[in-house]
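Colleague: Structure in C-alpha cells, see below.
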Amino acid sequence: MIPRIHQQGSNTLGLLHYLYGKGTHEEHIDPHLVASFDGMAPDPGRDPSATKKDLQHLLDQPLSLLDADRRPDQHVWHCSVRAAPDDPILSDEQWGDIARRMVAATGIDPGDGAGCRWAAVRHADDHIHIIATLVREDGRRPDHHRSGKRAQAACRLLEKELGLHQVASGDGTAAKRATSAERHKAEREGRERPAREELRETVRRAVAGATSEEEFFDRLAAAGLLIRKRIAPSGDLLGYKVALPDDRNKDDEPVFYAGSTLAPDLSLPRIRERWTLPAEAATSADGSRPEQPALPHVTGPAFARRRATAATWQALLIIDHGDDGTAAAQIAAAGEVLDALAKTSAAHARAELRKAAFVFERASRSHVKAVRGHDRALRQAARDLIHSGPALGRGEDGATTAMLIDMAFFLAIATANWHAKRHHSQQAAAAEQAAQHLRAAYQAAAAHPMAILGQRGHRLAPRVRQRQADLLHEVLPELAERIRAEPGWPALAATLDDVQRAGHDPAALLAEATRRRELGTATSISDVLVWRLRRSAHLPALPESPHGTPTRGSRRTVSPAPSTQPAPSSANDSGRRR
C-alpha cells in the first residue's frame, strides 16, 4: 500500500472537481465519499442534492473564520493511498477505516476533537484520495510535520492487519517517482515511460565510467538531450538540467529536470565525488598527486569483459569483508558496470540487462556514505565496456559477456545480503530483483557458448572423459554424481581438459573454485564451475574449433591477467539461478 502526500494547494473546489470528475482518461468510475471528519459530509457523487460547492464550503469553514492575515496561502492537504495490483479489492468500509487511520497518523485529525476537516473520495477499486483543510477547528495549524514518513508507517501496519502485499520500508534515498500527471502525459504521447524515467536512465549511462565533467556533458549531448547549465557569477559550474527534445509543456517549451530531481546521486556535486581518488593516494609525500599505474589498452569487447569480470570479483570480496563505506562505494560503482553492460551487449540479452540496471539503481543508494576512490577498478571497468564498443552475440564476445553476467549475478546477490543485514529493505529487494533479471540475461547469453563447450565435451575420447569423471569424484566426492547427471557436465569435462592442456593442475583449480562457498544446493553446479575455471586458468571463454581455428563468430583476443582469486560459488548464490 503506497501513500503519497501531494503538493499543498490553495484551491479546494478545484481539487474536488478533479476527484469527482471523469479523470483525464475517463478512468474515474463512480466517485463517492467513503469517510469524512464527522461522518456526515455531503457526497456530490451519490447524493443528487449535494454539490461539490457544498462540500468545499463545509471543509473550508474553519478557514473562513480566521482573519485574513492568519489564513495560510496553501491550505489544501491532499493524500492518495493506493493498494498493490495483486491486493484484493477492499470495501468502502475498509477504505473509510484506512482514511481515518491515515489522517490520525499524519496529524491532520489526531482524534482530539479539534482536528482538521477532511473527506476521503474513492473513484477506483484500488485507491482513495483524502482532501483536508490545514486549519484545525480551534484555529491552529495542524502538526503534520514529516507526514509522508508517518503515512508510510501507518500503511506498513495496515498491510499486516489486512493481509495485503507488504511493501519494503524506505529510507528516503529513493529517486523521486514520476507524478500521475507525468505518467498520463507519457500515455497520451505514446511513450513507453515518463520523461523523468527516460532521462534518469540516460544520465546514469552518461555517468558510467566518465572521468570528467567534459566527458559527462559530451555523452549527454551525444545521447540527444538538451542541456542547461547553471553558472555562478565567478564562472564556476554549479549544476545542470536536462530535457528530452520532444517533451514540451503547454507553451511548447522543453521540460527540464535538474539532475538532483532525477535521483539524489545525479546532482553535479554527487557526480563529482565519483572522480575522487582514495584518500591515501590523493597526494604523495612531497604533496604532489601521484600518477596512477597505466592499465593495458582495451583491445575489444571481450578484453573489456574479462577485465570487468576480475574487477567485479574483487568488488564482491570487498562487499563481503570490507568496511561499510568502501562496500557502499563498490555497490554504487556496480550500478555503473550494469549500465555500461546494458548499453554495449547484444540484442538477445540487452532487454534483461536494461531491466537489471534499472532496478539495481535503487540498491546503489543508502544512508551509508560511500567512500569514493576505492571503487576505481569497477568504474574503470565500466569505462572499458563503453569505450570497447558493442559486443557481438557470438564468439568470444558473447562468451565473455556470459562470464561477466555470471559474476554480476553473484555481486547482485552479495549486495542484497549486505543490505538485508543492515535492514535496508527496499535496496535488498531491488538487488534481488536485479539478480533475477541477470539470471535471465545469463541464460540468453550463455546458451551458445555452453552448447559449443558441450559439443566439445561429447567429442572427448572415452578415456579422457573417464579421467575427468575420476577427477571430479576425487575433488568433489559428495557432488560428483549430481554434477555428472547435469546437462552441463560435458561442458565442464571439456573445460577440465582445457585446463590440463594449458599446463594447470585441474584438481587444484577445481578445489579452489569450490573452496570458499559450498555448492550443495546449486541448480547447475557444472554451469557455475565452467566460468570459474576458464577465468582462473586464463582460458578463452569460447574454445577453438577442433581444427585449431576460432569458433565461428569469435575473435582472437589477448586476455588480460585475471584475478588470482577464484570466482564465488555458493548455495546461497548459485542455488537461486540456473
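Letters for chains follow the order of the C-alpha cells (A, B, ...), residue numbers begin at 1 for each chain, and ligand numbers begin at 1 in the order shown.
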Among segment 259-478 of chain A, which ones does DSSP place in helix (DSSP H, G or I), written as an NGL selection string?
Modeller: :A and (259-262 or 264-266 or 268-273 or 279-281 or 301-321 or 324-344 or 347-363 or 376-388 or 395-421 or 425-459 or 462-475)
Colleague: From a DSSP calculation on the backbone, collect every residue of segment 47-179 of chain A in strand (DSSP E or B) and output the set as a list in words.
Modeller: Val76, Trp77, His78, Cys79, Ser80, Val81, Arg82, Cys116, Arg117, Trp118, Ala119, Ala120, Val121, Arg122, His123, Ala124, His127, Ile128, His129, Ile130, Ile131, Ala132, Thr133, Leu134, Val135 and Arg136 of chain A
Colleague: Just to be explicit: take each residue in the selection above, keep N, CA, C and O atoms, and write the result as a CSV table (one decimal), in the first residue's frame.
Modeller:
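As written to disk, out.csv reads:
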```
chain,number,residue,atom,x,y,z
A,76,VAL,N,-4.7,23.6,1.3
A,76,VAL,CA,-5.3,22.3,0.8
A,76,VAL,C,-4.2,21.2,1.0
A,76,VAL,O,-3.2,21.2,0.4
A,77,TRP,N,-4.6,20.2,1.8
A,77,TRP,CA,-3.7,19.0,2.0
A,77,TRP,C,-4.4,17.9,1.2
A,77,TRP,O,-5.6,17.6,1.3
A,78,HIS,N,-3.5,17.1,0.5
A,78,HIS,CA,-4.0,16.1,-0.4
A,78,HIS,C,-3.1,14.8,-0.3
A,78,HIS,O,-1.9,14.9,-0.4
A,79,CYS,N,-3.8,13.7,0.0
A,79,CYS,CA,-3.0,12.5,0.2
A,79,CYS,C,-3.8,11.4,-0.6
A,79,CYS,O,-5.0,11.3,-0.5
A,80,SER,N,-3.1,10.6,-1.4
A,80,SER,CA,-3.7,9.4,-2.0
A,80,SER,C,-3.1,8.2,-1.4
A,80,SER,O,-1.9,8.1,-1.0
A,81,VAL,N,-3.9,7.1,-1.3
A,81,VAL,CA,-3.4,5.8,-0.8
A,81,VAL,C,-3.8,4.8,-1.8
A,81,VAL,O,-5.0,4.6,-2.1
A,82,ARG,N,-2.8,4.0,-2.3
A,82,ARG,CA,-3.1,3.0,-3.4
A,82,ARG,C,-2.7,1.6,-2.9
A,82,ARG,O,-1.6,1.5,-2.4
A,116,CYS,N,-8.4,18.9,11.8
A,116,CYS,CA,-8.8,19.5,10.6
A,116,CYS,C,-10.0,18.8,10.0
A,116,CYS,O,-10.3,17.6,10.2
A,117,ARG,N,-10.7,19.5,9.1
A,117,ARG,CA,-11.8,18.9,8.4
A,117,ARG,C,-11.3,18.2,7.1
A,117,ARG,O,-10.4,18.7,6.4
A,118,TRP,N,-11.8,17.0,6.9
A,118,TRP,CA,-11.3,16.2,5.7
A,118,TRP,C,-12.4,15.3,5.2
A,118,TRP,O,-13.4,15.1,5.8
A,119,ALA,N,-12.1,14.8,4.0
A,119,ALA,CA,-13.1,13.9,3.3
A,119,ALA,C,-12.2,13.0,2.5
A,119,ALA,O,-11.2,13.3,1.9
A,120,ALA,N,-12.7,11.7,2.4
A,120,ALA,CA,-12.0,10.7,1.6
A,120,ALA,C,-12.9,10.3,0.4
A,120,ALA,O,-14.0,9.9,0.6
A,121,VAL,N,-12.4,10.4,-0.8
A,121,VAL,CA,-13.1,10.1,-2.0
A,121,VAL,C,-12.5,8.9,-2.7
A,121,VAL,O,-11.3,8.8,-2.9
A,122,ARG,N,-13.4,7.9,-3.1
A,122,ARG,CA,-12.9,6.7,-3.8
A,122,ARG,C,-13.5,6.8,-5.2
A,122,ARG,O,-14.7,6.9,-5.4
A,123,HIS,N,-12.6,6.8,-6.2
A,123,HIS,CA,-13.1,6.8,-7.6
A,123,HIS,C,-12.5,5.6,-8.4
A,123,HIS,O,-12.6,5.6,-9.7
A,124,ALA,N,-11.9,4.6,-7.7
A,124,ALA,CA,-11.4,3.4,-8.4
A,124,ALA,C,-11.3,2.3,-7.4
A,124,ALA,O,-11.3,2.6,-6.2
A,127,HIS,N,-7.7,2.6,-5.0
A,127,HIS,CA,-7.1,3.7,-4.2
A,127,HIS,C,-8.2,4.7,-3.8
A,127,HIS,O,-9.3,4.7,-4.3
A,128,ILE,N,-7.8,5.6,-2.8
A,128,ILE,CA,-8.6,6.7,-2.4
A,128,ILE,C,-7.8,8.0,-2.4
A,128,ILE,O,-6.6,7.9,-2.4
A,129,HIS,N,-8.5,9.1,-2.3
A,129,HIS,CA,-7.9,10.4,-2.2
A,129,HIS,C,-8.5,11.0,-0.9
A,129,HIS,O,-9.7,11.0,-0.7
A,130,ILE,N,-7.6,11.6,-0.1
A,130,ILE,CA,-8.0,12.3,1.1
A,130,ILE,C,-7.7,13.8,0.9
A,130,ILE,O,-6.6,14.2,0.6
A,131,ILE,N,-8.7,14.7,1.1
A,131,ILE,CA,-8.6,16.1,1.0
A,131,ILE,C,-8.9,16.7,2.3
A,131,ILE,O,-9.8,16.3,3.0
A,132,ALA,N,-8.0,17.7,2.8
A,132,ALA,CA,-8.2,18.3,4.1
A,132,ALA,C,-7.9,19.8,4.0
A,132,ALA,O,-7.1,20.2,3.2
A,133,THR,N,-8.5,20.6,4.9
A,133,THR,CA,-8.1,22.0,5.1
A,133,THR,C,-7.2,22.1,6.2
A,133,THR,O,-7.5,21.7,7.3
A,134,LEU,N,-6.0,22.7,6.0
A,134,LEU,CA,-5.0,22.8,7.0
A,134,LEU,C,-5.2,23.9,8.1
A,134,LEU,O,-4.3,24.7,8.4
A,135,VAL,N,-6.4,23.9,8.6
A,135,VAL,CA,-6.7,24.7,9.8
A,135,VAL,C,-7.6,23.9,10.7
A,135,VAL,O,-8.6,23.4,10.3
A,136,ARG,N,-7.2,23.8,11.9
A,136,ARG,CA,-8.0,23.0,12.9
A,136,ARG,C,-9.3,23.7,13.3
A,136,ARG,O,-9.4,24.9,13.1
```
Colleague: What is the distance, in Å and to one decimal place, between atom CA of Gly139 of chain A and atom CA of Tyr20 of chain A?
Modeller: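 So the two atoms, atom CA of Gly139 of chain A and atom CA of Tyr20 of chain A, lie 28.1 Å apart.
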Colleague: Counting only C-alpha atoms, give me one row per residue of segment 436-483 of chain A with an atom at most 8 Å from an atom of segment 487-499 of chain A, showing the shortest contact pair and its distance in Å to one decimal, sorted by chain then residue number, as a Markdown table.
Modeller:
```
| residue | atom | partner | partner_atom | distance |
| --- | --- | --- | --- | --- |
| A:Met450 | CA | A:Ala491 | CA | 6.4 |
| A:Ala451 | CA | A:Ala491 | CA | 7.7 |
| A:Ile452 | CA | A:Ala491 | CA | 7.9 |
| A:Leu453 | CA | A:Ala491 | CA | 4.6 |
| A:Gly454 | CA | A:Ala491 | CA | 4.1 |
| A:Gln455 | CA | A:Pro490 | CA | 7.4 |
| A:Arg456 | CA | A:Ala494 | CA | 6.0 |
| A:Gly457 | CA | A:Pro490 | CA | 4.3 |
| A:His458 | CA | A:Pro490 | CA | 6.0 |
| A:Leu460 | CA | A:Ala494 | CA | 7.4 |
| A:Val464 | CA | A:Asp497 | CA | 7.7 |
| A:Arg465 | CA | A:Ala493 | CA | 6.6 |
| A:Gln468 | CA | A:Ala493 | CA | 5.9 |
| A:Ala469 | CA | A:Ala493 | CA | 7.6 |
| A:Ile483 | CA | A:Trp489 | CA | 6.1 |
```
Colleague: Using only N, CA, C and O atoms, please write the residues we just selected to a file, as a PDB file, in the first residue's frame.
Modeller:
```pdb
ATOM      1  N   MET A 450      27.851 -22.308 -24.128  1.00  0.00           N
ATOM      2  CA  MET A 450      27.735 -23.566 -23.389  1.00  0.00           C
ATOM      3  C   MET A 450      27.419 -24.736 -24.325  1.00  0.00           C
ATOM      4  O   MET A 450      27.859 -25.860 -24.107  1.00  0.00           O
ATOM      5  N   ALA A 451      26.663 -24.459 -25.382  1.00  0.00           N
ATOM      6  CA  ALA A 451      26.372 -25.517 -26.353  1.00  0.00           C
ATOM      7  C   ALA A 451      27.647 -25.957 -27.061  1.00  0.00           C
ATOM      8  O   ALA A 451      27.875 -27.161 -27.286  1.00  0.00           O
ATOM      9  N   ILE A 452      28.508 -25.000 -27.414  1.00  0.00           N
ATOM     10  CA  ILE A 452      29.768 -25.342 -28.082  1.00  0.00           C
ATOM     11  C   ILE A 452      30.668 -26.139 -27.140  1.00  0.00           C
ATOM     12  O   ILE A 452      31.272 -27.146 -27.529  1.00  0.00           O
ATOM     13  N   LEU A 453      30.749 -25.691 -25.887  1.00  0.00           N
ATOM     14  CA  LEU A 453      31.553 -26.434 -24.919  1.00  0.00           C
ATOM     15  C   LEU A 453      30.992 -27.837 -24.715  1.00  0.00           C
ATOM     16  O   LEU A 453      31.750 -28.813 -24.572  1.00  0.00           O
ATOM     17  N   GLY A 454      29.678 -27.945 -24.689  1.00  0.00           N
ATOM     18  CA  GLY A 454      29.059 -29.257 -24.539  1.00  0.00           C
ATOM     19  C   GLY A 454      29.382 -30.177 -25.701  1.00  0.00           C
ATOM     20  O   GLY A 454      29.649 -31.377 -25.516  1.00  0.00           O
ATOM     21  N   GLN A 455      29.381 -29.640 -26.916  1.00  0.00           N
ATOM     22  CA  GLN A 455      29.735 -30.446 -28.090  1.00  0.00           C
ATOM     23  C   GLN A 455      31.171 -30.944 -27.994  1.00  0.00           C
ATOM     24  O   GLN A 455      31.464 -32.098 -28.324  1.00  0.00           O
ATOM     25  N   ARG A 456      32.069 -30.075 -27.545  1.00  0.00           N
ATOM     26  CA  ARG A 456      33.464 -30.484 -27.384  1.00  0.00           C
ATOM     27  C   ARG A 456      33.585 -31.573 -26.328  1.00  0.00           C
ATOM     28  O   ARG A 456      34.388 -32.504 -26.461  1.00  0.00           O
ATOM     29  N   GLY A 457      32.785 -31.455 -25.264  1.00  0.00           N
ATOM     30  CA  GLY A 457      32.815 -32.477 -24.230  1.00  0.00           C
ATOM     31  C   GLY A 457      32.360 -33.829 -24.743  1.00  0.00           C
ATOM     32  O   GLY A 457      32.942 -34.872 -24.407  1.00  0.00           O
ATOM     33  N   HIS A 458      31.352 -33.838 -25.606  1.00  0.00           N
ATOM     34  CA  HIS A 458      30.854 -35.087 -26.178  1.00  0.00           C
ATOM     35  C   HIS A 458      31.875 -35.715 -27.123  1.00  0.00           C
ATOM     36  O   HIS A 458      31.857 -36.949 -27.343  1.00  0.00           O
ATOM     37  N   LEU A 460      35.131 -35.678 -26.672  1.00  0.00           N
ATOM     38  CA  LEU A 460      36.323 -36.151 -25.976  1.00  0.00           C
ATOM     39  C   LEU A 460      36.424 -37.675 -26.077  1.00  0.00           C
ATOM     40  O   LEU A 460      35.412 -38.386 -26.075  1.00  0.00           O
ATOM     41  N   VAL A 464      39.541 -39.929 -21.895  1.00  0.00           N
ATOM     42  CA  VAL A 464      39.661 -38.561 -21.373  1.00  0.00           C
ATOM     43  C   VAL A 464      38.439 -38.215 -20.532  1.00  0.00           C
ATOM     44  O   VAL A 464      38.556 -37.630 -19.443  1.00  0.00           O
ATOM     45  N   ARG A 465      37.254 -38.569 -21.031  1.00  0.00           N
ATOM     46  CA  ARG A 465      36.036 -38.310 -20.254  1.00  0.00           C
ATOM     47  C   ARG A 465      36.088 -39.031 -18.906  1.00  0.00           C
ATOM     48  O   ARG A 465      35.696 -38.490 -17.878  1.00  0.00           O
ATOM     49  N   GLN A 468      38.354 -37.204 -16.455  1.00  0.00           N
ATOM     50  CA  GLN A 468      37.707 -36.034 -15.843  1.00  0.00           C
ATOM     51  C   GLN A 468      36.667 -36.461 -14.809  1.00  0.00           C
ATOM     52  O   GLN A 468      36.507 -35.804 -13.776  1.00  0.00           O
ATOM     53  N   ALA A 469      35.970 -37.560 -15.098  1.00  0.00           N
ATOM     54  CA  ALA A 469      34.996 -38.062 -14.127  1.00  0.00           C
ATOM     55  C   ALA A 469      35.695 -38.520 -12.852  1.00  0.00           C
ATOM     56  O   ALA A 469      35.219 -38.257 -11.729  1.00  0.00           O
ATOM     57  N   ILE A 483      26.635 -33.746 -10.410  1.00  0.00           N
ATOM     58  CA  ILE A 483      27.201 -32.949 -11.498  1.00  0.00           C
ATOM     59  C   ILE A 483      27.193 -33.742 -12.803  1.00  0.00           C
ATOM     60  O   ILE A 483      26.840 -33.213 -13.867  1.00  0.00           O
TER      61      ILE A 483
END
```
Colleague: Please provide as a list in words all residues within 12 Å of Thr211 of chain A, with the sequence filter that same-chain residues fewer than 4 positions apart are discarded (counting only C-alpha atoms).
Modeller: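 In the requested format, the answer is Ala206, Val207, Glu215, Phe216, Phe217, Asp218, Arg219, Ile271, Arg272, Glu273, Arg274, Trp275, Thr276, Leu277, Gly373, Arg376, Arg379, Gln380, Ala382, Arg383 and Asp384 of chain A.
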Colleague: Report the distance between atom CA of Pro42 of chain A and atom CA of Thr106 of chain A in Å, rounded to one decimal place.
Modeller: 23.8 Å
Colleague: Find the spatial neighbours of Asp138 of chain A, counting only C-alpha atoms, within a cut-off of 10 Å - ignore same-chain residues fewer than 5 positions away - and output them as a PyMOL selection string.
Modeller: chain A and resi 62+113-116
Colleague: Quick one: residues within 10 Å of Gly14 of chain A, only C-alpha atoms counted, chain neighbours fewer than 6 positions away excluded, as a PyMOL selection string?
Modeller: chain A and resi 52-53+56
Colleague: Could those selected residues go to a file with N, CA and C atoms, as a compact mmCIF listing (two decimals), in the first residue's frame?
Modeller:
```
# COMPACT_ATOMS: atom_id res chain seq x y z
N LYS A 52 -20.51 19.88 -5.22
CA LYS A 52 -19.09 19.99 -4.81
C LYS A 52 -18.86 21.30 -4.07
N LYS A 53 -19.63 22.32 -4.40
CA LYS A 53 -19.53 23.59 -3.69
C LYS A 53 -19.95 23.44 -2.23
N GLN A 56 -17.06 21.78 -0.47
CA GLN A 56 -15.96 22.74 -0.34
C GLN A 56 -16.24 23.74 0.78
```
Colleague: Using only C-alpha atoms, which protein or nucleic acid residues come within 12 Å of Gln94 of chain A? Drop anything in the same chain fewer than 5 positions from it, and give the result as a list in words.
Modeller: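 Returned residues: Val34, Ala35, Ala83, Pro88, Ile89, Ala99, Arg100, Arg101, Ala120, Arg122, Asp125, Asp126, His127, Ile128, Leu158, Glu161 and Leu162 of chain A.
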Colleague: Segment 375-440 of chain A near segment 522-546 of chain A within 10 Å: what's each residue's closest atom pair and its distance in Å to one decimal, counting only C-alpha atoms, ordered by chain then ascending residue number, as JSON lines?
Modeller:
```
{"residue": "A:Arg394", "atom": "CA", "partner": "A:Leu542", "partner_atom": "CA", "distance": 9.2}
{"residue": "A:Gly395", "atom": "CA", "partner": "A:Leu542", "partner_atom": "CA", "distance": 6.3}
{"residue": "A:Glu396", "atom": "CA", "partner": "A:Leu542", "partner_atom": "CA", "distance": 5.3}
{"residue": "A:Asp397", "atom": "CA", "partner": "A:Ala541", "partner_atom": "CA", "distance": 8.6}
{"residue": "A:Gly398", "atom": "CA", "partner": "A:Leu542", "partner_atom": "CA", "distance": 8.5}
{"residue": "A:Ala399", "atom": "CA", "partner": "A:Ala541", "partner_atom": "CA", "distance": 5.3}
{"residue": "A:Thr400", "atom": "CA", "partner": "A:Ala541", "partner_atom": "CA", "distance": 5.6}
{"residue": "A:Thr401", "atom": "CA", "partner": "A:Ala541", "partner_atom": "CA", "distance": 9.1}
{"residue": "A:Ala402", "atom": "CA", "partner": "A:Trp531", "partner_atom": "CA", "distance": 8.6}
{"residue": "A:Met403", "atom": "CA", "partner": "A:Trp531", "partner_atom": "CA", "distance": 5.9}
{"residue": "A:Leu404", "atom": "CA", "partner": "A:Trp531", "partner_atom": "CA", "distance": 9.2}
{"residue": "A:Asp406", "atom": "CA", "partner": "A:Trp531", "partner_atom": "CA", "distance": 7.9}
{"residue": "A:Met407", "atom": "CA", "partner": "A:Trp531", "partner_atom": "CA", "distance": 9.0}
```
Colleague: Looking at A:Pro142, A:Asp30, A:Pro3, A:Ala223, which one is nearest to Glu159 of chain A, with distances taken over only C-alpha atoms?
Modeller: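 Among the listed residues, the smallest separation from Glu159 of chain A belongs to A:Pro3.
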Colleague: Between A:Glu481, A:Glu336, A:Asp265, A:Asp143, which one has atoms that come closest to Lys369 of chain A, using only C-alpha atoms?
Modeller: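 Among the listed residues, the smallest separation from Lys369 of chain A belongs to A:Asp265.
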